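Just below is one structure, and these are the notes that go with it.
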Amino acid sequence: MFDCYDALSFDCYGTLIDWEAGIAAILGPWARRFDPASSDERVLTAYADEEARIVRERPTTLYPDVLADAFRATGAKLGYPVTDAEAERLGSSVPEWPAFPDSHDALVSLADRFELIILSNVDNASFEGSRRRLDVDFDHIITAQDVGTYKPAPRNFDVLTRYAHSRGLRLLHVAQSLFHDHVPAKRAGLPGVWINRRHDRPGWGATPEPGESVAPEWEYPSMAAFAQLASGHRRDRAAPAD
């Protein structure tokens, strides 16, 4: 089924790292100080559009500052005050966000067959903290800091596809977010695997609604389920194109 591909590009946050758990660990207790009935889902939904707006309006802002300002904007939306210390706490929290339990083993299994590439909406320092949590060495890493824009901007996928072309790689994009990844990946001509981490929950959580219909070629509820079918015998890595 996946024999025609020799490289996988991954979104990290939401796919490999549980960014909703990381954000909710800070925003949930904060919101419940003002409304004890406030759920993590309510806060994540309020947060989602604020982060997307900030990265769209200020694409060169480093991710820790995006997180801090999105927290402040979420507070303004909900009518709850946010201190600078609270905002900075979220901004510095990315290395503490947990990996999904199946991410490490799935990536190790897939690495025997595919080149592994990261296309992530963070800064380099924050991603390095997450890479240590995943305990996997990737063949190539592209961050928003490297590109100067955040997904779903087409430039991020242009950089990804140019890299794949330069290496002669047949690329498959693997991600949880329809909004950040699958809609722009489809526009860039990339086939996709939807790791639908929220398959058993309604709504979109910390991810905005996709805004348009998109149908990835494959859908799995977890990285483990995808890796079980996609991993296989080790294949030779593609040589760089002349």
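The way I read the labels, and the way they are meant: chains A, B, ... in the order of the structure tokens, residue 1 as the first residue of every chain, and ligand 1 as the first ligand shown, with later ones counted on from there.
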Run DSSP on the backbone and give me the residues of region 4-229 of chain A it puts in helix (DSSP H, G or I), as a VMD selection string.
-> chain A and resid 19 to 34 40 to 57 63 to 78 84 to 91 94 to 96 103 to 111 124 to 134 144 to 147 154 to 167 178 to 187 223 to 229
Counting only C-alpha atoms, what is within 10 Å of Asp146 (chain A), bar same-chain residues fewer than 5 positions away, as a PyMOL selection string?
-> chain A and resi 60+120-124+141+156+159
Limited to C-alpha atoms, could you put the picked residues into a file as a compact mmCIF listing (two decimals), in the first residue's frame?
```txt
# COMPACT_ATOMS: atom_id res chain seq x y z
CA THR A 60 8.08 35.72 11.86
CA SER A 120 6.59 21.81 12.38
CA ASN A 121 5.01 25.09 13.50
CA VAL A 122 7.54 25.89 16.22
CA ASP A 123 10.98 27.40 16.79
CA ASN A 124 14.13 25.33 16.73
CA ILE A 141 13.80 19.10 10.25
CA ASN A 156 6.10 25.87 4.42
CA VAL A 159 10.11 24.37 1.28
```
Using DSSP on the backbone coordinates, identify all residues within region 17-130 of chain A classified as strand (DSSP E or B); present the result as a PyMOL selection string.
-> chain A and resi 17+99+115-120
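Relative to CA of Leu229 (chain A), CA of Met1 (chain A) is found at 8.3 Å.
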Can you pull out every residue within 10 Å of Glu86 (chain A), counting only C-alpha atoms, but drop anything in the same chain fewer than 2 positions away, and send it as a ChimeraX atom specification?
-> /A:26-27,30,68,71-72,81-84,88-91
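The space separating CA of Ser177 (chain A) from CA of Thr207 (chain A) comes to 6.7 Å.
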Selection: 8 Å around region 210-227 of chain A, only C-alpha atoms, excl. self and same-chain fewer than 2 positions, as a ChimeraX atom specification = /A:15-16,102-103,105-107,109-110,178-180,182-183,186,191-199,208,229-231
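Picture a line from CA of Glu41 (chain A) to CA of Ala87 (chain A); it runs 19.0 Å.
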Find the residues around Ala99 (chain A) up to 12 Å (only C-alpha atoms counted), leave out those fewer than 2 positions away in its own chain, and share them as a CSV table (one decimal) with all heavy atoms, in the first residue's frame.
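Written file, part_8.csv:
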```csv
chain,number,residue,atom,x,y,z
A,12,CYS,N,4.4,17.7,14.0
A,12,CYS,CA,4.8,17.2,15.3
A,12,CYS,C,3.7,17.3,16.3
A,12,CYS,O,3.3,16.4,17.0
A,12,CYS,CB,6.1,17.9,15.7
A,12,CYS,SG,6.7,17.3,17.3
A,13,TYR,N,3.2,18.5,16.5
A,13,TYR,CA,2.3,18.9,17.6
A,13,TYR,C,0.9,18.6,17.3
A,13,TYR,O,0.3,19.2,16.4
A,13,TYR,CB,2.5,20.3,18.0
A,13,TYR,CG,4.0,20.5,18.4
A,13,TYR,CD1,4.9,20.9,17.5
A,13,TYR,CD2,4.4,20.2,19.7
A,13,TYR,CE1,6.3,21.0,17.8
A,13,TYR,CE2,5.7,20.3,20.0
A,13,TYR,CZ,6.7,20.7,19.1
A,13,TYR,OH,8.0,20.8,19.5
A,14,GLY,N,0.3,17.6,17.9
A,14,GLY,CA,-1.0,17.0,17.7
A,14,GLY,C,-0.9,15.7,17.0
A,14,GLY,O,-1.8,14.8,17.2
A,15,THR,N,0.3,15.4,16.4
A,15,THR,CA,0.5,14.1,15.7
A,15,THR,C,1.4,13.2,16.5
A,15,THR,O,1.1,12.1,16.8
A,15,THR,CB,1.1,14.3,14.3
A,15,THR,OG1,0.2,15.2,13.6
A,15,THR,CG2,1.2,13.0,13.6
A,16,LEU,N,2.6,13.8,16.9
A,16,LEU,CA,3.6,13.0,17.7
A,16,LEU,C,3.6,13.5,19.2
A,16,LEU,O,3.8,12.7,20.1
A,16,LEU,CB,5.0,13.2,17.1
A,16,LEU,CG,5.1,12.9,15.6
A,16,LEU,CD1,6.5,13.2,15.1
A,16,LEU,CD2,4.7,11.4,15.3
A,17,ILE,N,3.5,14.8,19.4
A,17,ILE,CA,3.4,15.4,20.7
A,17,ILE,C,2.0,15.8,21.0
A,17,ILE,O,1.3,16.4,20.2
A,17,ILE,CB,4.4,16.6,20.8
A,17,ILE,CG1,5.9,16.1,20.6
A,17,ILE,CG2,4.2,17.4,22.1
A,17,ILE,CD1,6.5,15.4,21.8
A,18,ASP,N,1.5,15.6,22.2
A,18,ASP,CA,0.2,15.9,22.6
A,18,ASP,C,0.1,17.4,23.0
A,18,ASP,O,0.2,17.7,24.2
A,18,ASP,CB,-0.3,15.0,23.8
A,18,ASP,CG,-1.8,15.1,24.0
A,18,ASP,OD1,-2.4,16.0,23.5
A,18,ASP,OD2,-2.3,14.2,24.8
A,19,TRP,N,0.0,18.2,22.0
A,19,TRP,CA,0.0,19.7,22.3
A,19,TRP,C,-1.3,20.1,23.0
A,19,TRP,O,-1.2,21.0,23.9
A,19,TRP,CB,0.2,20.5,21.0
A,19,TRP,CG,-1.0,20.7,20.1
A,19,TRP,CD1,-1.9,19.8,19.7
A,19,TRP,CD2,-1.4,21.9,19.5
A,19,TRP,NE1,-2.8,20.3,18.9
A,19,TRP,CE2,-2.5,21.7,18.7
A,19,TRP,CE3,-0.8,23.2,19.5
A,19,TRP,CZ2,-3.1,22.6,17.9
A,19,TRP,CZ3,-1.4,24.2,18.7
A,19,TRP,CH2,-2.6,23.9,17.9
A,20,GLU,N,-2.4,19.4,22.8
A,20,GLU,CA,-3.6,19.8,23.6
A,20,GLU,C,-3.4,19.5,25.1
A,20,GLU,O,-3.8,20.3,25.9
A,20,GLU,CB,-4.8,19.0,23.0
A,20,GLU,CG,-5.2,19.5,21.7
A,20,GLU,CD,-6.6,19.0,21.2
A,20,GLU,OE1,-7.1,18.0,21.8
A,20,GLU,OE2,-7.2,19.6,20.3
A,21,ALA,N,-2.8,18.4,25.4
A,21,ALA,CA,-2.5,18.1,26.8
A,21,ALA,C,-1.6,19.2,27.4
A,21,ALA,O,-1.8,19.6,28.5
A,21,ALA,CB,-2.0,16.7,27.0
A,22,GLY,N,-0.6,19.5,26.6
A,22,GLY,CA,0.4,20.5,27.1
A,22,GLY,C,-0.2,21.9,27.3
A,22,GLY,O,0.0,22.5,28.3
A,94,VAL,N,6.7,24.3,25.8
A,94,VAL,CA,6.7,23.3,24.7
A,94,VAL,C,7.6,22.0,25.1
A,94,VAL,O,7.1,20.9,24.9
A,94,VAL,CB,7.1,23.9,23.4
A,94,VAL,CG1,7.2,22.8,22.3
A,94,VAL,CG2,6.1,24.9,23.0
A,95,PRO,N,8.8,22.2,25.6
A,95,PRO,CA,9.6,21.0,25.9
A,95,PRO,C,9.0,20.1,26.9
A,95,PRO,O,9.4,18.9,27.0
A,95,PRO,CB,10.9,21.6,26.3
A,95,PRO,CG,11.0,23.0,25.7
A,95,PRO,CD,9.6,23.5,25.7
A,96,GLU,N,8.0,20.6,27.7
A,96,GLU,CA,7.4,19.8,28.7
A,96,GLU,C,6.2,19.0,28.2
A,96,GLU,O,5.6,18.2,28.8
A,96,GLU,CB,6.9,20.7,29.9
A,96,GLU,CG,8.1,21.5,30.5
A,96,GLU,CD,7.6,22.5,31.5
A,96,GLU,OE1,6.4,22.5,31.9
A,96,GLU,OE2,8.4,23.4,31.8
A,97,TRP,N,5.7,19.4,27.0
A,97,TRP,CA,4.5,18.7,26.4
A,97,TRP,C,4.8,17.2,26.2
A,97,TRP,O,5.8,16.9,25.6
A,97,TRP,CB,4.1,19.4,25.1
A,97,TRP,CG,3.6,20.8,25.3
A,97,TRP,CD1,3.5,21.5,26.5
A,97,TRP,CD2,3.3,21.7,24.2
A,97,TRP,NE1,3.1,22.8,26.2
A,97,TRP,CE2,2.9,22.9,24.8
A,97,TRP,CE3,3.2,21.6,22.9
A,97,TRP,CZ2,2.5,24.0,24.1
A,97,TRP,CZ3,2.7,22.7,22.1
A,97,TRP,CH2,2.4,23.9,22.7
A,101,PRO,N,1.9,8.2,23.7
A,101,PRO,CA,2.6,6.9,24.1
A,101,PRO,C,3.1,6.1,22.9
A,101,PRO,O,4.0,5.3,23.1
A,101,PRO,CB,1.5,6.2,24.9
A,101,PRO,CG,0.6,7.3,25.4
A,101,PRO,CD,0.5,8.3,24.3
A,102,ASP,N,2.4,6.2,21.8
A,102,ASP,CA,2.8,5.3,20.6
A,102,ASP,C,3.8,6.0,19.7
A,102,ASP,O,4.3,5.3,18.8
A,102,ASP,CB,1.6,4.9,19.9
A,102,ASP,CG,0.8,6.1,19.2
A,102,ASP,OD1,1.1,7.2,19.6
A,102,ASP,OD2,-0.1,5.8,18.4
A,103,SER,N,4.2,7.2,19.9
A,103,SER,CA,4.9,8.0,18.9
A,103,SER,C,6.4,7.4,18.7
A,103,SER,O,6.8,7.2,17.6
A,103,SER,CB,5.0,9.4,19.3
A,103,SER,OG,3.8,10.1,19.2
A,104,HIS,N,7.1,7.2,19.8
A,104,HIS,CA,8.5,6.7,19.7
A,104,HIS,C,8.5,5.4,19.0
A,104,HIS,O,9.3,5.3,18.0
A,104,HIS,CB,9.1,6.6,21.1
A,104,HIS,CG,10.4,5.9,21.1
A,104,HIS,ND1,11.6,6.5,20.8
A,104,HIS,CD2,10.7,4.6,21.3
A,104,HIS,CE1,12.6,5.6,20.8
A,104,HIS,NE2,12.1,4.4,21.1
A,105,ASP,N,7.8,4.4,19.4
A,105,ASP,CA,7.9,3.1,18.8
A,105,ASP,C,7.5,3.1,17.3
A,105,ASP,O,8.1,2.4,16.5
A,105,ASP,CB,7.1,2.1,19.6
A,105,ASP,CG,7.7,1.7,20.9
A,105,ASP,OD1,8.8,2.1,21.2
A,105,ASP,OD2,7.0,1.0,21.7
A,106,ALA,N,6.4,3.9,17.0
A,106,ALA,CA,6.0,4.0,15.6
A,106,ALA,C,7.1,4.6,14.8
A,106,ALA,O,7.3,4.1,13.7
A,106,ALA,CB,4.7,4.8,15.6
A,107,LEU,N,7.7,5.6,15.2
A,107,LEU,CA,8.7,6.3,14.4
A,107,LEU,C,9.9,5.4,14.3
A,107,LEU,O,10.5,5.3,13.2
A,107,LEU,CB,9.2,7.6,15.1
A,107,LEU,CG,8.1,8.7,15.1
A,107,LEU,CD1,8.6,9.8,16.0
A,107,LEU,CD2,8.0,9.3,13.7
A,129,GLY,N,13.6,20.3,22.4
A,129,GLY,CA,13.0,19.7,23.6
A,129,GLY,C,12.1,18.6,23.3
A,129,GLY,O,12.1,17.5,24.0
A,130,SER,N,11.2,18.7,22.3
A,130,SER,CA,10.3,17.7,21.9
A,130,SER,C,11.0,16.5,21.3
A,130,SER,O,10.6,15.3,21.5
A,130,SER,CB,9.2,18.2,21.0
A,130,SER,OG,8.5,19.3,21.6
A,131,ARG,N,12.0,16.8,20.5
A,131,ARG,CA,12.8,15.7,19.9
A,131,ARG,C,13.4,14.8,20.9
A,131,ARG,O,13.4,13.6,20.8
A,131,ARG,CB,13.9,16.2,18.9
A,131,ARG,CG,14.5,15.1,18.1
A,131,ARG,CD,15.9,15.5,17.6
A,131,ARG,NE,16.8,15.8,18.7
A,131,ARG,CZ,17.4,14.8,19.4
A,131,ARG,NH1,17.1,13.5,19.2
A,131,ARG,NH2,18.2,15.1,20.4
A,132,ARG,N,13.9,15.4,22.0
A,132,ARG,CA,14.5,14.6,23.1
A,132,ARG,C,13.4,13.7,23.7
A,132,ARG,O,13.7,12.6,24.1
A,132,ARG,CB,15.1,15.5,24.1
A,132,ARG,CG,16.4,16.1,23.6
A,132,ARG,CD,17.3,16.7,24.7
A,132,ARG,NE,16.6,17.8,25.4
A,132,ARG,CZ,16.8,19.1,25.0
A,132,ARG,NH1,17.6,19.4,24.0
A,132,ARG,NH2,16.1,20.1,25.7
A,133,ARG,N,12.2,14.3,23.8
A,133,ARG,CA,11.1,13.5,24.4
A,133,ARG,C,10.8,12.3,23.5
A,133,ARG,O,10.5,11.2,23.9
A,133,ARG,CB,9.8,14.3,24.6
A,133,ARG,CG,9.9,15.2,25.9
A,133,ARG,CD,8.6,15.8,26.2
A,133,ARG,NE,8.6,16.5,27.5
A,133,ARG,CZ,8.5,15.9,28.7
A,133,ARG,NH1,8.2,14.6,28.7
A,133,ARG,NH2,8.6,16.7,29.7
A,134,LEU,N,10.8,12.5,22.2
A,134,LEU,CA,10.5,11.5,21.2
A,134,LEU,C,11.6,10.5,21.2
A,134,LEU,O,11.4,9.3,20.8
A,134,LEU,CB,10.2,12.1,19.9
A,134,LEU,CG,8.9,12.9,19.7
A,134,LEU,CD1,8.9,13.7,18.4
A,134,LEU,CD2,7.7,12.0,19.8
A,135,ASP,N,12.8,10.9,21.4
A,135,ASP,CA,14.0,10.1,21.4
A,135,ASP,C,14.2,9.4,20.1
A,135,ASP,O,14.5,8.2,20.0
A,135,ASP,CB,13.9,9.0,22.5
A,135,ASP,CG,15.3,8.3,22.8
A,135,ASP,OD1,16.3,8.9,22.5
A,135,ASP,OD2,15.3,7.2,23.3
A,136,VAL,N,14.1,10.2,19.0
A,136,VAL,CA,14.3,9.8,17.6
A,136,VAL,C,15.1,10.8,16.9
A,136,VAL,O,14.9,12.0,17.1
A,136,VAL,CB,12.9,9.6,16.9
A,136,VAL,CG1,13.0,9.3,15.5
A,136,VAL,CG2,12.1,8.5,17.6
A,223,MET,N,-0.7,6.7,15.6
A,223,MET,CA,0.5,6.4,14.9
A,223,MET,C,0.8,4.9,14.9
A,223,MET,O,1.3,4.4,14.0
A,223,MET,CB,1.7,7.2,15.6
A,223,MET,CG,1.8,8.6,15.1
A,223,MET,SD,2.3,8.8,13.4
A,223,MET,CE,4.0,8.1,13.5
```
Any idea what's packed within 12 Å of Tyr150 (chain A), counting only C-alpha atoms, ignoring anything in its chain fewer than 6 positions away? Could you give it as a CSV table (one decimal) with all heavy atoms, in the first residue's frame?
```
chain,number,residue,atom,x,y,z
A,11,ASP,N,3.9,16.4,10.7
A,11,ASP,CA,3.6,17.4,11.7
A,11,ASP,C,4.0,16.8,13.0
A,11,ASP,O,3.9,15.6,13.3
A,11,ASP,CB,2.1,17.7,11.7
A,11,ASP,CG,1.6,18.5,12.9
A,11,ASP,OD1,2.1,19.6,13.1
A,11,ASP,OD2,0.8,17.9,13.6
A,51,GLU,N,-4.4,31.6,18.3
A,51,GLU,CA,-3.1,31.3,17.9
A,51,GLU,C,-3.0,31.4,16.3
A,51,GLU,O,-2.1,31.9,15.8
A,51,GLU,CB,-2.7,29.9,18.3
A,51,GLU,CG,-1.3,29.5,17.8
A,51,GLU,CD,-0.8,28.1,18.2
A,51,GLU,OE1,-0.8,27.8,19.4
A,51,GLU,OE2,-0.5,27.3,17.3
A,52,ALA,N,-4.0,30.8,15.6
A,52,ALA,CA,-4.0,30.9,14.2
A,52,ALA,C,-4.0,32.3,13.7
A,52,ALA,O,-3.3,32.6,12.7
A,52,ALA,CB,-5.3,30.1,13.6
A,53,ARG,N,-4.7,33.2,14.3
A,53,ARG,CA,-4.7,34.6,13.9
A,53,ARG,C,-3.3,35.2,14.1
A,53,ARG,O,-2.8,36.0,13.2
A,53,ARG,CB,-5.8,35.4,14.7
A,53,ARG,CG,-5.8,36.9,14.4
A,53,ARG,CD,-6.7,37.6,15.3
A,53,ARG,NE,-6.5,37.5,16.7
A,53,ARG,CZ,-5.5,38.1,17.4
A,53,ARG,NH1,-4.7,39.0,16.8
A,53,ARG,NH2,-5.3,37.9,18.7
A,54,ILE,N,-2.7,35.0,15.2
A,54,ILE,CA,-1.4,35.6,15.5
A,54,ILE,C,-0.4,35.1,14.5
A,54,ILE,O,0.4,36.0,14.0
A,54,ILE,CB,-1.0,35.3,17.0
A,54,ILE,CG1,-1.9,36.1,17.9
A,54,ILE,CG2,0.5,35.6,17.2
A,54,ILE,CD1,-1.8,35.7,19.4
A,55,VAL,N,-0.3,33.9,14.2
A,55,VAL,CA,0.7,33.4,13.3
A,55,VAL,C,0.5,33.9,11.9
A,55,VAL,O,1.4,34.0,11.1
A,55,VAL,CB,0.9,31.9,13.3
A,55,VAL,CG1,1.3,31.4,14.7
A,55,VAL,CG2,-0.3,31.1,12.9
A,56,ARG,N,-0.8,34.1,11.6
A,56,ARG,CA,-1.1,34.6,10.2
A,56,ARG,C,-0.7,36.1,10.1
A,56,ARG,O,-0.2,36.5,9.1
A,56,ARG,CB,-2.6,34.5,10.0
A,56,ARG,CG,-3.1,35.0,8.6
A,56,ARG,CD,-4.6,34.7,8.4
A,56,ARG,NE,-5.4,35.5,9.3
A,56,ARG,CZ,-6.1,34.9,10.3
A,56,ARG,NH1,-6.1,33.6,10.6
A,56,ARG,NH2,-6.9,35.7,11.1
A,57,GLU,N,-1.0,36.9,11.2
A,57,GLU,CA,-0.7,38.3,11.2
A,57,GLU,C,0.8,38.6,11.4
A,57,GLU,O,1.3,39.6,10.9
A,57,GLU,CB,-1.5,39.0,12.2
A,57,GLU,CG,-3.0,39.0,11.9
A,57,GLU,CD,-3.9,39.6,13.1
A,57,GLU,OE1,-3.3,39.9,14.1
A,57,GLU,OE2,-5.1,39.7,12.9
A,58,ARG,N,1.5,37.7,12.2
A,58,ARG,CA,2.9,38.0,12.5
A,58,ARG,C,3.7,36.7,12.3
A,58,ARG,O,4.1,36.0,13.2
A,58,ARG,CB,2.9,38.4,14.0
A,58,ARG,CG,2.3,39.7,14.3
A,58,ARG,CD,1.9,39.9,15.7
A,58,ARG,NE,2.9,39.4,16.6
A,58,ARG,CZ,2.6,39.1,17.9
A,58,ARG,NH1,1.4,39.2,18.4
A,58,ARG,NH2,3.5,38.6,18.7
A,59,PRO,N,3.9,36.4,11.0
A,59,PRO,CA,4.5,35.1,10.7
A,59,PRO,C,5.9,34.9,11.1
A,59,PRO,O,6.4,33.7,11.2
A,59,PRO,CB,4.4,35.0,9.2
A,59,PRO,CG,4.3,36.4,8.7
A,59,PRO,CD,3.6,37.1,9.8
A,60,THR,N,6.7,35.9,11.4
A,60,THR,CA,8.1,35.7,11.9
A,60,THR,C,8.2,35.7,13.4
A,60,THR,O,9.4,35.5,13.9
A,60,THR,CB,9.0,36.8,11.3
A,60,THR,OG1,8.5,38.1,11.8
A,60,THR,CG2,8.9,36.8,9.8
A,61,THR,N,7.1,35.8,14.1
A,61,THR,CA,7.2,35.8,15.6
A,61,THR,C,7.6,34.4,16.0
A,61,THR,O,7.0,33.4,15.6
A,61,THR,CB,5.8,36.1,16.2
A,61,THR,OG1,5.5,37.4,15.7
A,61,THR,CG2,5.9,36.1,17.7
A,62,LEU,N,8.6,34.3,16.9
A,62,LEU,CA,9.0,32.9,17.4
A,62,LEU,C,7.8,32.3,18.3
A,62,LEU,O,7.1,33.0,18.9
A,62,LEU,CB,10.2,33.1,18.3
A,62,LEU,CG,11.5,33.4,17.5
A,62,LEU,CD1,12.7,33.4,18.5
A,62,LEU,CD2,11.8,32.4,16.4
A,63,TYR,N,7.8,31.0,18.2
A,63,TYR,CA,6.6,30.3,18.8
A,63,TYR,C,6.4,30.6,20.3
A,63,TYR,O,5.3,30.7,20.7
A,63,TYR,CB,6.7,28.8,18.5
A,63,TYR,CG,5.4,28.1,18.8
A,63,TYR,CD1,4.2,28.5,18.1
A,63,TYR,CD2,5.3,27.0,19.7
A,63,TYR,CE1,3.0,27.9,18.3
A,63,TYR,CE2,4.1,26.4,19.9
A,63,TYR,CZ,3.0,26.8,19.2
A,63,TYR,OH,1.8,26.2,19.4
A,66,VAL,N,4.4,33.5,20.3
A,66,VAL,CA,3.0,33.3,19.8
A,66,VAL,C,2.2,32.7,20.9
A,66,VAL,O,1.0,33.1,21.1
A,66,VAL,CB,3.1,32.3,18.6
A,66,VAL,CG1,1.7,31.7,18.3
A,66,VAL,CG2,3.8,32.9,17.4
A,119,LEU,N,8.0,18.7,9.6
A,119,LEU,CA,7.5,20.0,9.2
A,119,LEU,C,6.7,20.6,10.3
A,119,LEU,O,5.5,20.3,10.4
A,119,LEU,CB,6.7,19.9,7.9
A,119,LEU,CG,6.2,21.2,7.3
A,119,LEU,CD1,7.4,22.1,6.8
A,119,LEU,CD2,5.2,21.0,6.2
A,120,SER,N,7.3,21.5,11.1
A,120,SER,CA,6.6,21.8,12.4
A,120,SER,C,6.4,23.3,12.6
A,120,SER,O,7.3,24.1,12.1
A,120,SER,CB,7.4,21.2,13.6
A,120,SER,OG,6.7,21.5,14.8
A,121,ASN,N,5.4,23.7,13.2
A,121,ASN,CA,5.0,25.1,13.5
A,121,ASN,C,5.6,25.6,14.8
A,121,ASN,O,4.9,26.2,15.6
A,121,ASN,CB,3.5,25.2,13.6
A,121,ASN,CG,2.9,25.8,12.3
A,121,ASN,OD1,3.6,25.9,11.3
A,121,ASN,ND2,1.6,26.1,12.3
A,122,VAL,N,6.9,25.4,15.0
A,122,VAL,CA,7.5,25.9,16.2
A,122,VAL,C,8.9,26.5,15.9
A,122,VAL,O,9.3,26.5,14.7
A,122,VAL,CB,7.7,24.8,17.3
A,122,VAL,CG1,6.4,24.3,17.8
A,122,VAL,CG2,8.5,23.6,16.7
A,123,ASP,N,9.6,26.9,16.9
A,123,ASP,CA,11.0,27.4,16.8
A,123,ASP,C,11.9,26.2,17.0
A,123,ASP,O,11.5,25.2,17.5
A,123,ASP,CB,11.2,28.5,17.8
A,123,ASP,CG,11.0,28.0,19.2
A,123,ASP,OD1,9.9,27.7,19.6
A,123,ASP,OD2,12.0,27.9,20.0
A,142,ILE,N,12.3,20.8,9.4
A,142,ILE,CA,11.9,22.2,8.9
A,142,ILE,C,11.0,22.8,9.9
A,142,ILE,O,9.9,22.2,10.2
A,142,ILE,CB,11.2,22.1,7.6
A,142,ILE,CG1,12.1,21.4,6.5
A,142,ILE,CG2,10.9,23.5,7.1
A,142,ILE,CD1,11.4,21.0,5.2
A,143,THR,N,11.3,23.9,10.5
A,143,THR,CA,10.5,24.6,11.5
A,143,THR,C,9.9,25.9,10.9
A,143,THR,O,10.5,26.4,9.9
A,143,THR,CB,11.2,24.9,12.8
A,143,THR,OG1,12.2,25.9,12.5
A,143,THR,CG2,11.9,23.6,13.4
A,144,ALA,N,8.9,26.4,11.6
A,144,ALA,CA,8.4,27.7,11.2
A,144,ALA,C,9.5,28.8,11.3
A,144,ALA,O,9.5,29.7,10.5
A,144,ALA,CB,7.2,28.1,12.0
A,156,ASN,N,5.6,27.0,3.6
A,156,ASN,CA,6.1,25.9,4.4
A,156,ASN,C,6.1,24.6,3.6
A,156,ASN,O,7.1,23.8,3.6
A,156,ASN,CB,5.3,25.7,5.7
A,156,ASN,CG,5.3,26.9,6.6
A,156,ASN,OD1,4.8,28.0,6.2
A,156,ASN,ND2,5.9,26.8,7.7
A,157,PHE,N,5.1,24.4,2.8
A,157,PHE,CA,5.0,23.2,2.0
A,157,PHE,C,5.8,23.3,0.7
A,157,PHE,O,6.3,22.3,0.2
A,157,PHE,CB,3.5,22.9,1.7
A,157,PHE,CG,2.8,22.4,2.9
A,157,PHE,CD1,2.2,23.3,3.8
A,157,PHE,CD2,2.7,21.1,3.2
A,157,PHE,CE1,1.5,22.9,4.9
A,157,PHE,CE2,2.1,20.6,4.4
A,157,PHE,CZ,1.5,21.5,5.2
A,159,VAL,N,8.8,24.7,0.8
A,159,VAL,CA,10.1,24.4,1.3
A,159,VAL,C,10.2,22.8,1.4
A,159,VAL,O,11.2,22.2,1.0
A,159,VAL,CB,10.4,25.1,2.6
A,159,VAL,CG1,11.7,24.5,3.3
A,159,VAL,CG2,10.5,26.6,2.4
A,179,PHE,N,-6.6,21.5,9.2
A,179,PHE,CA,-6.4,23.0,9.0
A,179,PHE,C,-5.0,23.3,8.7
A,179,PHE,O,-4.7,24.0,7.7
A,179,PHE,CB,-6.9,23.7,10.2
A,179,PHE,CG,-6.6,25.2,10.2
A,179,PHE,CD1,-7.4,26.1,9.5
A,179,PHE,CD2,-5.5,25.7,10.9
A,179,PHE,CE1,-7.1,27.4,9.5
A,179,PHE,CE2,-5.2,27.1,10.8
A,179,PHE,CZ,-6.0,27.9,10.1
A,180,HIS,N,-4.1,22.9,9.6
A,180,HIS,CA,-2.7,23.3,9.4
A,180,HIS,C,-1.9,22.5,8.3
A,180,HIS,O,-1.0,23.0,7.7
A,180,HIS,CB,-1.9,23.0,10.7
A,180,HIS,CG,-2.3,23.9,11.9
A,180,HIS,ND1,-3.2,23.4,12.9
A,180,HIS,CD2,-2.0,25.2,12.2
A,180,HIS,CE1,-3.4,24.4,13.7
A,180,HIS,NE2,-2.7,25.5,13.4
A,181,ASP,N,-2.4,21.3,8.1
A,181,ASP,CA,-1.6,20.4,7.3
A,181,ASP,C,-2.2,19.8,6.0
A,181,ASP,O,-1.7,20.0,4.9
A,181,ASP,CB,-1.1,19.2,8.1
A,181,ASP,CG,0.1,19.6,9.1
A,181,ASP,OD1,1.2,19.5,8.6
A,181,ASP,OD2,-0.2,20.0,10.2
A,184,PRO,N,-3.4,22.5,3.1
A,184,PRO,CA,-2.3,23.1,2.3
A,184,PRO,C,-1.5,22.0,1.7
A,184,PRO,O,-0.9,22.2,0.6
A,184,PRO,CB,-1.5,23.9,3.3
A,184,PRO,CG,-1.8,23.3,4.7
A,184,PRO,CD,-3.3,22.9,4.6
```
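Shortest atom-to-atom contact with Asp139 (chain A) among A:Phe2, A:Tyr47, A:Phe127, A:Phe114: A:Phe114, counting only C-alpha atoms.
For the choices A:Arg201, A:Leu171, A:Gln228, A:Ala48, the atom-to-atom distance to Cys4 (chain A) is smallest for A:Leu171 when using only C-alpha atoms.
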